[in-house]
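**Q** Quick one, model-v6.csv (CSV, C-alpha atoms):
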chain,number,residue,atom,x,y,z
U,1,MET,CA,0.0,0.0,0.0
U,2,THR,CA,1.0,3.6,-0.6
U,3,LEU,CA,1.4,5.9,2.4
U,4,LEU,CA,-1.8,7.6,1.4
U,5,GLU,CA,-3.7,4.3,1.4
U,6,GLN,CA,-2.1,3.3,4.7
U,7,THR,CA,-3.1,6.7,6.2
U,8,LEU,CA,-6.7,6.4,5.0
U,9,GLU,CA,-6.9,2.9,6.3
U,10,LEU,CA,-5.5,3.9,9.7
U,11,CYS,CA,-7.9,6.8,9.9
U,12,LYS,CA,-10.8,4.4,9.2
U,13,LEU,CA,-9.6,1.8,11.6
U,14,ASN,CA,-9.1,4.2,14.5
U,15,ASN,CA,-12.1,6.3,13.7
U,16,ILE,CA,-10.0,9.4,13.2
U,17,ILE,CA,-11.0,12.5,11.3
U,18,PRO,CA,-7.9,14.8,10.9
U,19,ASN,CA,-8.3,17.7,13.3
U,20,LYS,CA,-7.8,21.1,11.7
U,21,LEU,CA,-7.5,22.8,15.1
U,22,MET,CA,-4.6,20.5,16.0
U,23,GLY,CA,-3.0,21.0,12.6
U,24,GLN,CA,-3.2,17.3,11.6
U,25,ASN,CA,-2.0,17.0,8.1
U,26,PHE,CA,-0.3,13.6,7.7
U,27,LEU,CA,2.7,13.3,5.5
U,28,ILE,CA,2.1,10.7,2.7
U,29,ASP,CA,5.2,11.1,0.5
U,30,GLU,CA,7.9,8.5,0.9
U,31,PHE,CA,10.5,10.7,-0.9
U,32,VAL,CA,10.0,13.5,1.6
U,33,LEU,CA,10.4,11.1,4.5
U,34,GLU,CA,13.6,9.8,3.1
U,35,ASP,CA,14.9,13.3,2.4
U,36,ILE,CA,14.3,14.2,6.1
U,37,ILE,CA,16.2,11.1,7.2
U,38,ASP,CA,19.0,11.7,4.8
U,39,ASN,CA,19.4,15.3,6.1
U,40,VAL,CA,19.4,14.2,9.7
U,41,LEU,CA,22.1,11.6,8.9
U,42,GLU,CA,24.1,14.2,7.0
U,43,ILE,CA,24.0,16.6,9.9
U,44,LYS,CA,25.1,13.9,12.2
U,45,LYS,CA,28.0,13.2,10.0
U,46,GLU,CA,28.8,16.9,9.6
U,47,ARG,CA,28.9,17.3,13.4
U,48,LYS,CA,30.8,14.1,13.9
U,49,ILE,CA,28.2,12.9,16.5
U,50,LYS,CA,28.6,9.2,17.6
U,51,LYS,CA,25.3,9.0,19.6
U,52,LEU,CA,22.1,10.3,18.0
U,53,ASN,CA,19.3,11.2,20.4
U,54,ILE,CA,16.2,12.6,18.8
U,55,LEU,CA,13.2,14.4,20.2
U,56,GLU,CA,10.2,14.1,17.9
U,57,ILE,CA,7.2,16.3,18.2
U,58,GLY,CA,3.9,15.0,16.8
U,59,GLY,CA,4.2,11.3,15.8
U,60,GLY,CA,1.0,11.0,13.9
U,61,PHE,CA,0.7,7.4,12.7
U,62,GLY,CA,4.4,6.8,13.2
U,63,VAL,CA,5.7,6.8,9.6
U,64,LEU,CA,8.5,9.2,10.5
U,65,THR,CA,8.9,7.7,14.0
U,66,ASN,CA,9.7,4.2,12.6
U,67,ARG,CA,12.5,5.7,10.4
U,68,LEU,CA,13.9,7.7,13.3
U,69,VAL,CA,14.0,4.6,15.5
U,70,ASP,CA,16.0,2.9,12.7
U,71,ILE,CA,18.8,5.6,12.7
U,72,ALA,CA,18.8,6.9,16.3
U,73,ASP,CA,20.2,5.6,19.5
U,74,LYS,CA,17.2,7.0,21.4
U,75,VAL,CA,13.9,8.7,20.4
U,76,PHE,CA,11.7,10.6,22.7
U,77,LEU,CA,8.3,11.2,21.1
U,78,ILE,CA,5.7,13.8,22.3
U,79,GLU,CA,2.2,13.3,21.0
U,80,LYS,CA,-0.8,15.4,22.0
U,81,ASP,CA,-3.7,13.3,20.5
U,82,ASP,CA,-4.7,10.4,22.6
U,83,GLN,CA,-6.4,8.8,19.7
U,84,LEU,CA,-3.0,8.2,18.1
U,85,MET,CA,-1.3,6.8,21.2
U,86,GLY,CA,-2.4,3.2,20.5
U,87,GLY,CA,-0.3,2.9,17.3
U,88,LEU,CA,2.6,4.8,18.7
U,89,LYS,CA,2.7,2.7,21.8
U,90,LYS,CA,2.9,-0.4,19.7
U,91,ILE,CA,5.9,1.0,17.9
U,92,GLU,CA,7.4,1.8,21.3
U,93,GLU,CA,6.9,-1.9,22.4
U,94,GLU,CA,8.7,-3.1,19.3
U,95,SER,CA,11.6,-0.6,19.5
U,96,ASP,CA,13.8,-2.6,21.9
U,97,GLY,CA,13.9,0.3,24.3
U,98,LYS,CA,15.0,2.9,21.8
U,99,LEU,CA,11.7,4.8,21.8
U,100,LYS,CA,9.8,6.5,24.6
U,101,VAL,CA,6.3,7.9,23.8
U,102,VAL,CA,4.5,10.4,26.1
U,103,LEU,CA,1.0,11.9,25.8
U,104,GLU,CA,1.8,15.6,26.3
U,105,ASP,CA,1.6,19.0,24.7
U,106,ALA,CA,5.0,20.0,23.4
U,107,LEU,CA,4.3,23.6,24.5
U,108,ASN,CA,4.9,22.3,28.0
U,109,LEU,CA,8.6,21.9,27.2
U,110,GLN,CA,8.8,25.6,28.3
U,111,TYR,CA,10.3,25.8,31.7
U,112,ASP,CA,8.0,27.3,34.3
U,113,THR,CA,9.0,27.7,37.9
U,114,LYS,CA,5.3,27.4,38.9
U,115,LEU,CA,5.4,23.8,37.6
U,116,GLU,CA,8.6,22.9,39.3
U,117,ASP,CA,6.9,20.5,41.7
U,118,LYS,CA,4.6,19.0,39.1
U,119,ASN,CA,5.4,17.6,35.6
U,120,LEU,CA,8.5,19.2,34.0
U,121,LEU,CA,8.4,17.8,30.5
U,122,ILE,CA,11.9,19.1,29.6
U,123,GLN,CA,13.3,17.4,32.7
U,124,GLU,CA,11.8,14.1,31.5
U,125,VAL,CA,13.5,14.6,28.2
U,126,LYS,CA,16.8,15.4,29.8
U,127,ASP,CA,16.7,12.4,32.1
U,128,TYR,CA,15.9,10.1,29.1
U,129,PHE,CA,18.9,11.4,27.1
U,130,ASN,CA,21.1,11.4,30.2
U,131,GLY,CA,21.7,15.1,29.6
U,132,GLU,CA,23.4,14.4,26.3
U,133,GLU,CA,23.2,16.3,23.1
U,134,TYR,CA,20.0,15.8,21.1
U,135,PHE,CA,18.3,16.8,17.8
U,136,VAL,CA,14.6,17.8,17.4
U,137,VAL,CA,12.8,16.5,14.3
U,138,ALA,CA,9.2,17.6,14.0
U,139,ASN,CA,6.2,18.2,11.7
U,140,ILE,CA,4.3,20.5,14.0
U,141,PRO,CA,0.9,22.3,13.6
U,142,TYR,CA,1.7,25.5,11.9
U,143,SER,CA,-0.5,27.5,14.3
U,144,ILE,CA,2.2,26.9,17.1
U,145,THR,CA,5.3,27.4,14.9
U,146,SER,CA,6.5,30.6,16.4
U,147,HIS,CA,5.8,29.5,20.0
U,148,ILE,CA,7.5,26.1,19.7
U,149,ILE,CA,10.6,27.4,17.9
U,150,ARG,CA,11.1,30.1,20.6
U,151,ILE,CA,10.7,27.5,23.3
U,152,LEU,CA,13.2,25.1,21.7
U,153,LEU,CA,15.7,27.8,21.2
U,154,GLU,CA,15.4,29.3,24.7
U,155,ILE,CA,15.0,26.4,27.1
U,156,ASN,CA,18.1,25.6,29.2
U,157,TYR,CA,18.4,22.1,27.9
U,158,SER,CA,18.1,23.1,24.2
U,159,PRO,CA,18.7,20.9,21.2
U,160,SER,CA,21.9,21.3,19.2
U,161,GLU,CA,20.0,20.9,15.9
U,162,ILE,CA,16.3,21.4,14.9
U,163,VAL,CA,15.0,20.0,11.7
U,164,ILE,CA,11.4,21.1,11.5
U,165,MET,CA,8.7,21.3,8.9
U,166,ILE,CA,6.9,24.6,8.8
U,167,GLN,CA,4.9,26.8,6.5
U,168,LYS,CA,7.0,27.9,3.5
U,169,GLU,CA,6.4,31.6,4.0
U,170,VAL,CA,7.4,31.4,7.6
U,171,ALA,CA,10.6,29.5,6.7
U,172,GLN,CA,11.5,32.2,4.2
U,173,ARG,CA,10.9,34.9,6.8
U,174,ILE,CA,13.0,33.1,9.4
U,175,CYS,CA,15.9,32.9,6.9
U,176,ALA,CA,15.3,36.4,5.4
U,177,LYS,CA,18.0,39.0,5.1
U,178,ALA,CA,17.8,42.3,7.0
U,179,GLY,CA,14.9,44.3,5.7
U,180,ASP,CA,12.3,41.7,6.2
U,181,ASP,CA,13.1,40.5,9.7
U,182,THR,CA,10.6,39.7,12.5
U,183,VAL,CA,10.9,39.0,16.2
U,184,LEU,CA,10.9,35.3,15.3
U,185,SER,CA,13.6,35.5,12.7
U,186,LEU,CA,15.8,37.7,14.9
U,187,SER,CA,15.3,35.1,17.7
U,188,ALA,CA,16.3,32.3,15.4
U,189,LYS,CA,19.4,34.1,14.2
U,190,PHE,CA,20.4,35.1,17.7
U,191,TYR,CA,20.4,31.5,19.0
U,192,SER,CA,21.1,29.6,15.7
U,193,THR,CA,22.1,29.6,12.1
U,194,PRO,CA,18.8,29.0,10.1
U,195,SER,CA,18.7,27.5,6.6
U,196,ILE,CA,16.0,26.0,4.4
U,197,LEU,CA,16.9,22.4,3.6
U,198,PHE,CA,14.1,21.8,1.0
U,199,LEU,CA,10.6,22.7,0.1
U,200,VAL,CA,7.6,20.4,0.4
U,201,SER,CA,4.5,20.5,-1.8
U,202,ARG,CA,1.1,20.6,-0.1
U,203,GLU,CA,0.2,17.6,-2.2
U,204,CYS,CA,2.5,15.6,0.1
U,205,PHE,CA,-0.1,15.7,2.9
U,206,TYR,CA,-3.5,14.2,3.8
U,207,PRO,CA,-5.6,16.2,4.0
U,208,MET,CA,-4.0,18.7,1.7
U,209,PRO,CA,-3.2,22.0,3.5
U,210,ALA,CA,-3.8,25.4,2.0
U,211,VAL,CA,-0.1,26.3,2.1
U,212,GLU,CA,3.2,25.0,0.9
U,213,SER,CA,5.7,23.8,3.4
U,214,ALA,CA,9.5,23.7,4.0
U,215,ILE,CA,11.9,21.8,6.1
U,216,ILE,CA,14.3,24.1,7.9
U,217,ARG,CA,17.4,23.6,9.9
U,218,LEU,CA,18.2,25.6,13.0
U,219,SER,CA,21.8,24.9,14.0
U,220,ARG,CA,22.3,26.2,17.5
U,221,LYS,CA,25.3,28.5,18.1
U,222,SER,CA,27.9,27.3,20.5
U,223,LYS,CA,28.4,30.8,22.0
U,224,LEU,CA,25.7,33.5,22.3
U,225,LEU,CA,26.5,37.2,21.8
U,226,ILE,CA,24.7,37.9,25.2
U,227,SER,CA,25.4,35.2,27.7
U,228,ASP,CA,23.3,36.3,30.8
U,229,LYS,CA,19.7,35.1,30.6
U,230,LYS,CA,18.3,38.2,32.2
U,231,GLU,CA,20.1,40.4,29.7
U,232,VAL,CA,18.8,38.2,26.8
U,233,ASP,CA,15.3,38.7,28.1
U,234,LYS,CA,15.8,42.4,28.3
U,235,PHE,CA,17.3,42.5,24.8
U,236,PHE,CA,14.3,40.7,23.3
U,237,ARG,CA,11.9,43.0,25.2
U,238,PHE,CA,13.7,45.9,23.6
U,239,ILE,CA,13.3,44.3,20.1
U,240,LYS,CA,9.6,43.7,20.7
U,241,SER,CA,9.2,47.3,21.6
U,242,GLY,CA,10.6,48.3,18.2
U,243,PHE,CA,8.0,46.1,16.5
U,244,SER,CA,5.1,47.3,18.8
U,245,ASN,CA,3.6,49.3,15.9
U,246,LYS,CA,4.7,48.3,12.5
U,247,ARG,CA,3.3,51.5,10.9
U,248,LYS,CA,5.4,53.8,12.9
U,249,MET,CA,9.1,54.6,12.9
U,250,LEU,CA,11.4,52.8,15.3
U,251,TYR,CA,12.2,55.8,17.5
U,252,HIS,CA,8.5,56.3,18.1
U,253,ASN,CA,7.9,52.8,19.2
U,254,ILE,CA,10.9,52.6,21.5
U,255,SER,CA,10.2,56.0,23.1
U,256,SER,CA,6.5,55.0,23.6
U,257,VAL,CA,7.3,51.7,25.3
U,258,TYR,CA,10.2,52.9,27.4
U,259,ARG,CA,8.7,56.4,28.0
U,260,LYS,CA,11.7,58.2,26.7
U,261,ASP,CA,11.9,61.5,25.0
U,262,LYS,CA,11.8,61.0,21.3
U,263,SER,CA,14.8,63.2,20.7
U,264,ILE,CA,16.8,60.8,23.0
U,265,ILE,CA,15.9,57.8,20.9
U,266,LYS,CA,16.6,59.7,17.7
U,267,ASP,CA,20.1,60.6,18.9
U,268,LEU,CA,20.5,56.9,20.0
U,269,LEU,CA,19.8,55.8,16.4
U,270,ILE,CA,22.2,58.2,14.9
U,271,LYS,CA,24.9,57.2,17.5
U,272,SER,CA,24.3,53.6,16.4
U,273,GLU,CA,24.8,54.6,12.7
U,274,LEU,CA,21.2,54.3,11.9
U,275,SER,CA,18.7,56.7,10.3
U,276,ASP,CA,16.0,58.2,12.4
U,277,LYS,CA,13.6,57.1,9.6
U,278,THR,CA,14.4,53.5,10.3
U,279,ARG,CA,11.7,50.9,11.0
U,280,ALA,CA,12.1,47.8,13.1
U,281,GLN,CA,12.1,45.4,10.2
U,282,ASP,CA,15.0,47.2,8.5
U,283,LEU,CA,17.5,46.3,11.2
U,284,SER,CA,19.8,43.3,11.2
U,285,LEU,CA,20.6,41.3,14.3
U,286,GLU,CA,23.9,43.2,14.5
U,287,ASP,CA,22.1,46.5,14.3
U,288,TRP,CA,19.8,45.5,17.2
U,289,LEU,CA,22.8,44.5,19.3
U,290,LYS,CA,24.6,47.8,18.7
U,291,LEU,CA,21.4,49.7,19.4
U,292,TRP,CA,20.8,47.7,22.6
U,293,TYR,CA,24.3,48.3,23.8
U,294,ASN,CA,24.0,52.0,23.4
U,295,PHE,CA,20.5,52.1,24.9
U,296,SER,CA,21.8,50.1,27.9
U,297,LYS,CA,24.6,52.7,28.4
U,298,ILE,CA,22.0,55.5,28.6
U,299,GLU,CA,19.8,53.5,31.0
U,300,LYS,CA,22.8,52.9,33.3
U,301,GLU,CA,23.8,56.6,33.2
U,302,ILE,CA,20.2,57.6,34.1
U,303,LYS,CA,20.3,55.2,37.1
U,304,THR,CA,23.6,56.5,38.2
U,305,LYS,CA,22.4,60.1,38.2
U,306,ASN,CA,19.3,59.1,40.2
What would you get if you wrote out this structure as structure tokens?
**A**
Amino acid sequence: MTLLEQTLELCKLNNIIPNKLMGQNFLIDEFVLEDIIDNVLEIKKERKIKKLNILEIGGGFGVLTNRLVDIADKVFLIEKDDQLMGGLKKIEEESDGKLKVVLEDALNLQYDTKLEDKNLLIQEVKDYFNGEEYFVVANIPYSITSHIIRILLEINYSPSEIVIMIQKEVAQRICAKAGDDTVLSLSAKFYSTPSILFLVSRECFYPMPAVESAIIRLSRKSKLLISDKKEVDKFFRFIKSGFSNKRKMLYHNISSVYRKDKSIIKDLLIKSELSDKTRAQDLSLEDWLKLWYNFSKIEKEIKTKN
């Protein structure tokens, strides 16, 4: 049977109607599956990794999971839909201990001190991989793309590589050059080196989505330009302030959010070798870092005077 025929049969047997709200579009193209596996193996070879640990998000009917189990030392799978757990648990039973499947929401990977005495999903992942390096391989619902990417990049126990299928337009924005940046693309570039591995036609899914897709690679940087977590948080709050109103100039947005005189922010832009006509999306990551450095100096000077 083809993957499409298998998928239709499994939907029928398990009484499953693909859920649009959960972004369930099952991959039905063997060539795309093999391309994903080939790229993961190529990255493993490139990084000279001997032990391959993989966190998969969204197992579906397990077509990718089976292939990941074949090439990895360990696979930790997070699946949110309990209707799919039966088939995935069967794969787990037949994996000779190489696969662990949990019924969870991947958004709970985000560390939250309020949950410290409850279920910390990221700690469970870390324990399973014995704190070793790991990759993320995922075909996630496009509605949570920005959120899950930010989580994967920012968590303390973060993956060294992310190979993830997302909407083509989002992939292009993440990998865009300065002039078309967003908070997400700047975040991706701060933590990693993003690149598009290959494009995927919407015809490769059942049911067929309304958009084209792309597989992207986010290769985490070994050293961040800002190392202190609190400073990183402040830096991204600063970036978000610049994007707070896309219709307005950068100096207006920053002065409004931080309640600074507009002339101070205009001078700050000029000092940072930027035009006072600049908009947030025009800045590269390097521009933002220079601007933040100069802004921080002003903030410290004000505190010292007070």
**Q** Please identify all polymer residues within 8 Å of Val32 (chain U), counting all atoms listed in the file, omitting same-chain residues fewer than 3 positions from it, and present them as a PDB file with C-alpha atoms, keeping the file's coordinate frame.
**A**
ATOM      1  CA  ASP U  29       5.200  11.100   0.500  1.00  0.00           C
ATOM      2  CA  ASP U  35      14.900  13.300   2.400  1.00  0.00           C
ATOM      3  CA  ILE U  36      14.300  14.200   6.100  1.00  0.00           C
ATOM      4  CA  VAL U 200       7.600  20.400   0.400  1.00  0.00           C
ATOM      5  CA  CYS U 204       2.500  15.600   0.100  1.00  0.00           C
TER       6      CYS U 204
END
**Q** What separation in Å, quoted to one decimal, exists between CA of Val136 (chain U) and CA of Leu3 (chain U)?
**A**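 So the answer is 23.3 Å.
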**Q** Write out as a list in words the residues lying within 12 Å of Gln110 (chain U), counting all atoms listed in the file and excluding same-chain residues fewer than 3 positions away.
**A**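 So the residues in contact are Asp105, Ala106, Leu107, Thr113, Lys114, Leu115, Glu116, Asn119, Leu120, Leu121, Ile122, Gln123, Val125, His147, Ile148, Ile149, Arg150, Ile151, Leu152, Leu153, Glu154, Ile155, Asn156, Tyr157 and Ser158 of chain U.
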**Q** Smallest atom-to-atom distance to Asn53 (chain U): which of U:Ser256, U:Gln83, U:Thr7, U:Ser160, using all atoms listed in the file?
**A**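 Closest candidate: U:Ser160.
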**Q** Determine, counting only C-alpha atoms, which protein, DNA and RNA residues have an atom within 12 Å of an atom of Lys90 (chain U); residues of the same chain fewer than 2 positions away are not included. Present the result as a ChimeraX atom specification.
**A** /U:61-62,65-66,84-88,92-97,99-101
**Q** Give me, please, the distance in Å between CA of Arg47 (chain U) and CA of Ala176 (chain U), quoted to one decimal.
**A**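 Between CA of Arg47 (chain U) and CA of Ala176 (chain U) the gap is 24.8 Å.
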**Q** Go through U:Ile28, U:Val40, U:Lys300, U:Tyr134 and flag the residue nearest Lys74 (chain U), using all atoms listed in the file for the distances.
**A**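 Smallest distance to Lys74 (chain U) is found for U:Tyr134.
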**Q** Using all atoms listed in the file, which of U:Phe238, U:Val163, U:Ile216, U:Val137 sits nearest Cys175 (chain U)?
**A**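 Counting all atoms listed in the file, the residue closest to Cys175 (chain U) is U:Ile216.
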**Q** Just the number, please: distance in Å from CA of Tyr191 (chain U) to CA of Arg173 (chain U), one decimal.
**A** 15.8 Å
**Q** Excluding Lys266 (chain U) and residues on its chain fewer than 6 positions from it, collect all residues at most 9 Å away from it, counting all atoms listed in the file, and give them as a compact mmCIF listing (two decimals) with C-alpha atoms, in the frame of the given file.
**A**
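Final output, part-v4.txt:
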# COMPACT_ATOMS: atom_id res chain seq x y z
CA LEU U 250 11.40 52.80 15.30
CA TYR U 251 12.20 55.80 17.50
CA HIS U 252 8.50 56.30 18.10
CA SER U 275 18.70 56.70 10.30
CA ASP U 276 16.00 58.20 12.40
**Q** So that I can check the surroundings of Met22 (chain U), please list as a list in words every protein, DNA and RNA residue that reaches within 12 Å of it, counting only C-alpha atoms and ignoring chain neighbours fewer than 3 positions away.
**A**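 Listing them by chain and then by number gives Ile17, Pro18, Asn19, Asn25, Phe26, Gly58, Gly60, Glu79, Lys80, Asp81, Asp105, Asn139, Ile140, Pro141, Tyr142, Ser143 and Ile144 of chain U.
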**Q** Which is closer to Lys189 (chain U) than all the others in U:Glu5, U:Glu286, U:Glu203, U:Glu212, using all atoms listed in the file?
**A**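 Nearest to Lys189 (chain U): U:Glu286.
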**Q** Can you work out which one of U:Leu103, U:Arg279, U:Leu186, U:Arg259 has the shortest atom-to-atom distance to Glu299 (chain U), counting all atoms listed in the file?
**A** U:Arg259
**Q** Of the candidates U:Phe198, U:Phe190, U:Tyr206, U:Trp292, which one gets nearest to Arg237 (chain U) if we count all atoms listed in the file?
**A**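 Closest to Arg237 (chain U) of all the choices is U:Trp292.
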**Q** Got a sec to check which residues sit within 12 Å of (12.5, 57.6, 20.3), counting all atoms listed in the file, and write them as a compact mmCIF listing (two decimals) with C-alpha atoms, in the frame of the given file?
**A**
# COMPACT_ATOMS: atom_id res chain seq x y z
CA SER U 241 9.20 47.30 21.60
CA GLY U 242 10.60 48.30 18.20
CA LYS U 248 5.40 53.80 12.90
CA MET U 249 9.10 54.60 12.90
CA LEU U 250 11.40 52.80 15.30
CA TYR U 251 12.20 55.80 17.50
CA HIS U 252 8.50 56.30 18.10
CA ASN U 253 7.90 52.80 19.20
CA ILE U 254 10.90 52.60 21.50
CA SER U 255 10.20 56.00 23.10
CA SER U 256 6.50 55.00 23.60
CA VAL U 257 7.30 51.70 25.30
CA TYR U 258 10.20 52.90 27.40
CA ARG U 259 8.70 56.40 28.00
CA LYS U 260 11.70 58.20 26.70
CA ASP U 261 11.90 61.50 25.00
CA LYS U 262 11.80 61.00 21.30
CA SER U 263 14.80 63.20 20.70
CA ILE U 264 16.80 60.80 23.00
CA ILE U 265 15.90 57.80 20.90
CA LYS U 266 16.60 59.70 17.70
CA ASP U 267 20.10 60.60 18.90
CA LEU U 268 20.50 56.90 20.00
CA LEU U 269 19.80 55.80 16.40
CA ILE U 270 22.20 58.20 14.90
CA SER U 275 18.70 56.70 10.30
CA ASP U 276 16.00 58.20 12.40
CA LYS U 277 13.60 57.10 9.60
CA THR U 278 14.40 53.50 10.30
CA ARG U 279 11.70 50.90 11.00
CA LEU U 291 21.40 49.70 19.40
CA PHE U 295 20.50 52.10 24.90
**Q** Can you patch up region 227-253 of chain U, filling it in to N, CA and C atoms, and show the result as an mmCIF file, in the frame of the given file?
**A**
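Saved to part_27.cif:
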data_model
loop_
_atom_site.group_PDB
_atom_site.id
_atom_site.type_symbol
_atom_site.label_atom_id
_atom_site.label_comp_id
_atom_site.auth_asym_id
_atom_site.auth_seq_id
_atom_site.Cartn_x
_atom_site.Cartn_y
_atom_site.Cartn_z
ATOM 1 N N SER U 227 25.358 36.428 27.009
ATOM 2 C CA SER U 227 25.400 35.200 27.700
ATOM 3 C C SER U 227 24.394 35.139 28.932
ATOM 4 N N ASP U 228 24.192 36.285 29.575
ATOM 5 C CA ASP U 228 23.300 36.300 30.800
ATOM 6 C C ASP U 228 21.858 36.248 30.360
ATOM 7 N N LYS U 229 21.145 35.296 30.965
ATOM 8 C CA LYS U 229 19.700 35.100 30.600
ATOM 9 C C LYS U 229 18.867 36.276 30.822
ATOM 10 N N LYS U 230 19.081 36.983 31.937
ATOM 11 C CA LYS U 230 18.300 38.200 32.200
ATOM 12 C C LYS U 230 18.504 39.251 31.161
ATOM 13 N N GLU U 231 19.760 39.382 30.730
ATOM 14 C CA GLU U 231 20.100 40.400 29.700
ATOM 15 C C GLU U 231 19.485 39.996 28.359
ATOM 16 N N VAL U 232 19.468 38.694 28.081
ATOM 17 C CA VAL U 232 18.800 38.200 26.800
ATOM 18 C C VAL U 232 17.361 38.566 26.835
ATOM 19 N N ASP U 233 16.704 38.336 27.969
ATOM 20 C CA ASP U 233 15.300 38.700 28.100
ATOM 21 C C ASP U 233 15.043 40.164 27.864
ATOM 22 N N LYS U 234 15.902 40.994 28.448
ATOM 23 C CA LYS U 234 15.800 42.400 28.300
ATOM 24 C C LYS U 234 16.009 42.833 26.820
ATOM 25 N N PHE U 235 16.982 42.176 26.191
ATOM 26 C CA PHE U 235 17.300 42.500 24.800
ATOM 27 C C PHE U 235 16.085 42.191 23.890
ATOM 28 N N PHE U 236 15.407 41.065 24.139
ATOM 29 C CA PHE U 236 14.300 40.700 23.300
ATOM 30 C C PHE U 236 13.022 41.570 23.638
ATOM 31 N N ARG U 237 12.920 42.033 24.871
ATOM 32 C CA ARG U 237 11.900 43.000 25.200
ATOM 33 C C ARG U 237 12.092 44.293 24.434
ATOM 34 N N PHE U 238 13.363 44.659 24.303
ATOM 35 C CA PHE U 238 13.700 45.900 23.600
ATOM 36 C C PHE U 238 13.382 45.704 22.072
ATOM 37 N N ILE U 239 13.689 44.536 21.507
ATOM 38 C CA ILE U 239 13.300 44.300 20.100
ATOM 39 C C ILE U 239 11.832 44.326 19.910
ATOM 40 N N LYS U 240 11.101 43.693 20.825
ATOM 41 C CA LYS U 240 9.600 43.700 20.700
ATOM 42 C C LYS U 240 9.066 45.106 20.790
ATOM 43 N N SER U 241 9.712 45.951 21.567
ATOM 44 C CA SER U 241 9.200 47.300 21.600
ATOM 45 C C SER U 241 9.353 48.016 20.268
ATOM 46 N N GLY U 242 10.399 47.677 19.530
ATOM 47 C CA GLY U 242 10.600 48.300 18.200
ATOM 48 C C GLY U 242 9.517 47.809 17.206
ATOM 49 N N PHE U 243 8.985 46.602 17.426
ATOM 50 C CA PHE U 243 8.000 46.100 16.500
ATOM 51 C C PHE U 243 6.532 46.313 17.062
ATOM 52 N N SER U 244 6.410 47.095 18.123
ATOM 53 C CA SER U 244 5.100 47.300 18.800
ATOM 54 C C SER U 244 4.057 47.919 17.875
ATOM 55 N N ASN U 245 4.495 48.714 16.918
ATOM 56 C CA ASN U 245 3.600 49.300 15.900
ATOM 57 C C ASN U 245 4.299 49.396 14.608
ATOM 58 N N LYS U 246 3.987 48.449 13.716
ATOM 59 C CA LYS U 246 4.700 48.300 12.500
ATOM 60 C C LYS U 246 4.573 49.543 11.549
ATOM 61 N N ARG U 247 3.520 50.301 11.741
ATOM 62 C CA ARG U 247 3.300 51.500 10.900
ATOM 63 C C ARG U 247 4.147 52.650 11.245
ATOM 64 N N LYS U 248 4.710 52.621 12.444
ATOM 65 C CA LYS U 248 5.400 53.800 12.900
ATOM 66 C C LYS U 248 6.953 53.570 12.914
ATOM 67 N N MET U 249 7.672 54.691 12.935
ATOM 68 C CA MET U 249 9.100 54.600 12.900
ATOM 69 C C MET U 249 9.631 54.001 14.229
ATOM 70 N N LEU U 250 10.823 53.467 14.152
ATOM 71 C CA LEU U 250 11.400 52.800 15.300
ATOM 72 C C LEU U 250 11.550 53.657 16.507
ATOM 73 N N TYR U 251 12.001 54.890 16.320
ATOM 74 C CA TYR U 251 12.200 55.800 17.500
ATOM 75 C C TYR U 251 10.909 56.032 18.215
ATOM 76 N N HIS U 252 9.792 56.101 17.474
ATOM 77 C CA HIS U 252 8.500 56.300 18.100
ATOM 78 C C HIS U 252 8.089 55.162 18.974
ATOM 79 N N ASN U 253 8.257 53.947 18.449
ATOM 80 C CA ASN U 253 7.900 52.800 19.200
ATOM 81 C C ASN U 253 8.691 52.592 20.479
#
